[in-house]
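> Questions regarding the structure given below will be posed in turn.
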Amino acid sequence: MKSSKLSLFDLTMIVIGLVIGMGIFRTATDSAKDALTPGVFFGAWIVGGLVAMCGALTYAEIGSRHPVTGGYYKIFSYAYHPSLAFSINCIILVSNAASLSAVALIGSGYISQVIFHEPATDLTKVSIAIIAIIIFYGVNLMGLKMSSRTQNVLMIIKIGIVIMLIAALCFPSIYYQPVAVAALPAPAAEAGWQDYIRSFGLSLVAVSFTYGGYQQTINFGHEVKDASRNIPKGIFIGITTIIILYLAVNFSYYKVIGFNNLKNTNEIATVIAGKLFGNTGALFFSGLLFLSVLAYVNVLLMSNPRVMYAMSDDGVLPAAFRMRSKKKDVLVVSLSVFAATCIIVLFFAKTFNELLSFTIFLDCFGMAMSAGSIFVLRKRTRHLDNDRSIYKMRLYPLQPLIFIAAYSFVGISIAINRPRTALVGIAVLATFMLLYFLMNRRKPIAFDPDKTDNS
């Protein structure tokens, strides 16, 4: 019988597909705004990629050692306590809602250039993003699922856009030519080392958002053929490819637009498309980007309600979240709550920068805590150390320590520079922990490593 396990190529493509999303078409601007120099800017993208590699390897071993259905809740419950498991899973859902809203704002920024002749206001962009969410909420209520063919078209569009952006490097005639301007900012050389550390930390916020997705390796660590050999190879090849692509795209932005202009150009990809193909080509390109965004919105609206269903099925959310419509087999309550959360987060945040900081600050809790579970898992599953069917990191505990330190650094950077965002994030976490105890959920789950759920 043919093996159903993932090959090295399958794993590599999954890693690349998980990470490369819509962020690279906007977050370079936000990263550049906080970078004092191009060196800090490109350094953040390199370090962000290395941190992503450490995280992907860590999550792959966690998934390999603890292959259970239920994702993060089961892992947190086993390694820590169900109250923390409930709270972190809920803030991950809120973070996903904020991520969806942020990506919808990216798309609204691009499509607004097609609809309006003048730059759209923040309120207009928020309105377009809300309309997109409502439309795809309705689509999902009708029971439609995105087919693999649509996903393939989406990936072709994304890859084509990335290739086009990199190809701009082959046309020196469109490169940015510096011009004399008045009131230049103070030279970066005057900044002290504290300023560079602060700049690097803030630049990493946008970079972390763009590299996100690799944490999903937790879901297939036990489903890879010859895991001990193929997992590190697949993750290394995949993340290295992503680092090269991201550096190439950002270098194209740097050469074509110029570093100072990059700080103030939100719809970067359209600017480059305009230089290559003129105004008509730029408008067409903006439309393609918006379609890609809508597909991403649809994917998150499909997947996250199923997470809520799993949590309800496990008894940590009310039974209402398991309700399905009889005709369309749709998780109506879960879908409605998640869509409403997206709109609420979008309405209160209103700008991409606020959403970005809020998303990453919440992620800092989830990422650091979930990666930390590897220390508990290693101790409790020592009997699996010689099992070649699981993946075991080399140089342990270097990778999880680097990963946890990096996300702690990013979280502290946000807390120092955006204290209101940090306070809201902490309040959200505390609220969910309080809800857990108010609902008087069941006692911690006892986990038997010899009876793992490999489904």
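Each chain of the structure tokens is named A, B, ... in the order shown, its residues numbered from 1; ligands are numbered from 1 in display order.
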Could you make a table, as a Markdown table, of the residues of range 54-103 of chain A that have an atom within 12 Å of an atom of range 231-255 of chain A, each with its nearest atom pair and distance in Å to one decimal, counting only C-alpha atoms, in chain and number order?


```
| residue | atom | partner | partner_atom | distance |
| --- | --- | --- | --- | --- |
| A:Cys54 | CA | A:Ile235 | CA | 9.5 |
| A:Gly55 | CA | A:Ile235 | CA | 10.0 |
| A:Ala56 | CA | A:Ile235 | CA | 6.8 |
| A:Leu57 | CA | A:Pro232 | CA | 6.7 |
| A:Thr58 | CA | A:Pro232 | CA | 10.2 |
| A:Tyr59 | CA | A:Ile231 | CA | 10.8 |
| A:Ala60 | CA | A:Ile231 | CA | 7.4 |
| A:Glu61 | CA | A:Ile231 | CA | 9.0 |
| A:Gly63 | CA | A:Ile231 | CA | 11.4 |
| A:Ser64 | CA | A:Ile231 | CA | 10.0 |
```

> Would you mind telling me which residue in A:Lys225, A:Asn230, A:Leu335, A:Ala320 lies nearest to Val299 in chain A when using only C-alpha atoms?

A:Leu335

> Using only C-alpha atoms, which residue out of A:Ile412, A:Val271, A:Ala371, A:Leu291 lies closest to Leu398 in chain A?

A:Ala371

> Using only C-alpha atoms, which residue out of A:Pro318, A:Pro38, A:Gly372, A:Gly366 lies closest to Phe200 in chain A?

A:Pro38

> I'd like a table as JSON lines: residues in range 333-408 of chain A with an atom no more than 10 Å from range 81-103 of chain A, each row giving the shortest atom pair and its distance in Å to one decimal, only C-alpha atoms counted, sorted by chain and rising residue number.


```
{"residue": "A:Phe338", "atom": "CA", "partner": "A:Ala97", "partner_atom": "CA", "distance": 7.0}
{"residue": "A:Ala339", "atom": "CA", "partner": "A:Ala97", "partner_atom": "CA", "distance": 7.8}
{"residue": "A:Ala340", "atom": "CA", "partner": "A:Ala97", "partner_atom": "CA", "distance": 9.1}
{"residue": "A:Thr341", "atom": "CA", "partner": "A:Ala97", "partner_atom": "CA", "distance": 6.4}
{"residue": "A:Cys342", "atom": "CA", "partner": "A:Ala97", "partner_atom": "CA", "distance": 4.6}
{"residue": "A:Ile343", "atom": "CA", "partner": "A:Ser101", "partner_atom": "CA", "distance": 7.3}
{"residue": "A:Ile344", "atom": "CA", "partner": "A:Ala97", "partner_atom": "CA", "distance": 9.3}
{"residue": "A:Val345", "atom": "CA", "partner": "A:Ala98", "partner_atom": "CA", "distance": 6.1}
{"residue": "A:Leu346", "atom": "CA", "partner": "A:Ser101", "partner_atom": "CA", "distance": 5.6}
{"residue": "A:Phe347", "atom": "CA", "partner": "A:Ser101", "partner_atom": "CA", "distance": 9.3}
{"residue": "A:Ala349", "atom": "CA", "partner": "A:Ala98", "partner_atom": "CA", "distance": 8.9}
{"residue": "A:Lys350", "atom": "CA", "partner": "A:Ala102", "partner_atom": "CA", "distance": 9.2}
{"residue": "A:Thr351", "atom": "CA", "partner": "A:Ala102", "partner_atom": "CA", "distance": 8.1}
{"residue": "A:Phe352", "atom": "CA", "partner": "A:Ala102", "partner_atom": "CA", "distance": 5.6}
{"residue": "A:Asn353", "atom": "CA", "partner": "A:Ala102", "partner_atom": "CA", "distance": 8.5}
{"residue": "A:Glu354", "atom": "CA", "partner": "A:Ala102", "partner_atom": "CA", "distance": 9.0}
{"residue": "A:Leu355", "atom": "CA", "partner": "A:Ala102", "partner_atom": "CA", "distance": 5.9}
{"residue": "A:Leu356", "atom": "CA", "partner": "A:Ala102", "partner_atom": "CA", "distance": 6.8}
{"residue": "A:Ser357", "atom": "CA", "partner": "A:Ala98", "partner_atom": "CA", "distance": 9.8}
{"residue": "A:Phe358", "atom": "CA", "partner": "A:Ala98", "partner_atom": "CA", "distance": 7.5}
{"residue": "A:Thr359", "atom": "CA", "partner": "A:Ser95", "partner_atom": "CA", "distance": 4.9}
{"residue": "A:Ile360", "atom": "CA", "partner": "A:Ser95", "partner_atom": "CA", "distance": 7.7}
{"residue": "A:Phe361", "atom": "CA", "partner": "A:Ser95", "partner_atom": "CA", "distance": 8.8}
{"residue": "A:Leu362", "atom": "CA", "partner": "A:Ser95", "partner_atom": "CA", "distance": 6.1}
{"residue": "A:Asp363", "atom": "CA", "partner": "A:Ser95", "partner_atom": "CA", "distance": 6.7}
{"residue": "A:Phe365", "atom": "CA", "partner": "A:Ile88", "partner_atom": "CA", "distance": 7.5}
{"residue": "A:Gly366", "atom": "CA", "partner": "A:Ile88", "partner_atom": "CA", "distance": 5.8}
{"residue": "A:Met367", "atom": "CA", "partner": "A:Ile92", "partner_atom": "CA", "distance": 9.4}
{"residue": "A:Met369", "atom": "CA", "partner": "A:Ile88", "partner_atom": "CA", "distance": 8.6}
{"residue": "A:Ser370", "atom": "CA", "partner": "A:Ile88", "partner_atom": "CA", "distance": 8.9}
```

> Go ahead and write the residues just picked, C-alpha atoms, as a PDB file, in the first residue's frame.


```
ATOM      1  CA  PHE A 338     -15.657  34.615  14.680  1.00  0.00           C
ATOM      2  CA  ALA A 339     -16.896  36.953  11.916  1.00  0.00           C
ATOM      3  CA  ALA A 340     -18.282  39.345  14.540  1.00  0.00           C
ATOM      4  CA  THR A 341     -14.945  39.259  16.383  1.00  0.00           C
ATOM      5  CA  CYS A 342     -13.150  40.210  13.148  1.00  0.00           C
ATOM      6  CA  ILE A 343     -15.442  43.195  12.611  1.00  0.00           C
ATOM      7  CA  ILE A 344     -15.218  44.332  16.257  1.00  0.00           C
ATOM      8  CA  VAL A 345     -11.409  44.176  16.227  1.00  0.00           C
ATOM      9  CA  LEU A 346     -11.333  45.999  12.892  1.00  0.00           C
ATOM     10  CA  PHE A 347     -13.735  48.688  14.075  1.00  0.00           C
ATOM     11  CA  ALA A 349      -8.270  49.211  15.748  1.00  0.00           C
ATOM     12  CA  LYS A 350      -9.117  51.009  12.471  1.00  0.00           C
ATOM     13  CA  THR A 351      -5.535  51.164  11.150  1.00  0.00           C
ATOM     14  CA  PHE A 352      -3.166  48.452   9.976  1.00  0.00           C
ATOM     15  CA  ASN A 353      -0.428  49.527  12.404  1.00  0.00           C
ATOM     16  CA  GLU A 354      -2.695  49.109  15.427  1.00  0.00           C
ATOM     17  CA  LEU A 355      -3.932  45.737  14.209  1.00  0.00           C
ATOM     18  CA  LEU A 356      -0.375  44.628  13.528  1.00  0.00           C
ATOM     19  CA  SER A 357       0.856  45.486  17.024  1.00  0.00           C
ATOM     20  CA  PHE A 358      -2.214  43.944  18.674  1.00  0.00           C
ATOM     21  CA  THR A 359      -1.894  40.731  16.652  1.00  0.00           C
ATOM     22  CA  ILE A 360       1.804  40.267  17.333  1.00  0.00           C
ATOM     23  CA  PHE A 361       1.499  41.147  21.035  1.00  0.00           C
ATOM     24  CA  LEU A 362      -1.131  38.427  21.448  1.00  0.00           C
ATOM     25  CA  ASP A 363       1.021  36.067  19.408  1.00  0.00           C
ATOM     26  CA  PHE A 365       2.031  35.033  24.568  1.00  0.00           C
ATOM     27  CA  GLY A 366       0.891  32.098  22.481  1.00  0.00           C
ATOM     28  CA  MET A 367       4.202  31.544  20.694  1.00  0.00           C
ATOM     29  CA  MET A 369       4.177  29.583  25.912  1.00  0.00           C
ATOM     30  CA  SER A 370       3.528  26.946  23.256  1.00  0.00           C
TER      31      SER A 370
END
```

> Rank A:Ala273, A:Ile159, A:Val47, A:Ile106 by their smallest atom-to-atom distance to Gly17 in chain A, using only C-alpha atoms, and report the top residue only.

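Among the listed residues, the smallest separation from Gly17 in chain A belongs to A:Ile159.
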
> As a PyMOL selection string, please: every residue in range 165-413 of chain A that DSSP puts in helix (DSSP H, G or I).

chain A and resi 165-170+172-174+188-190+193-211+214-219+227-257+259-262+268-313+319-322+332-349+352-380+382-384+398-413

> One number please: CA of Val376 in chain A to CA of Ala79 in chain A, in Å, one decimal.

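Distance between the two atoms: 5.9 Å.
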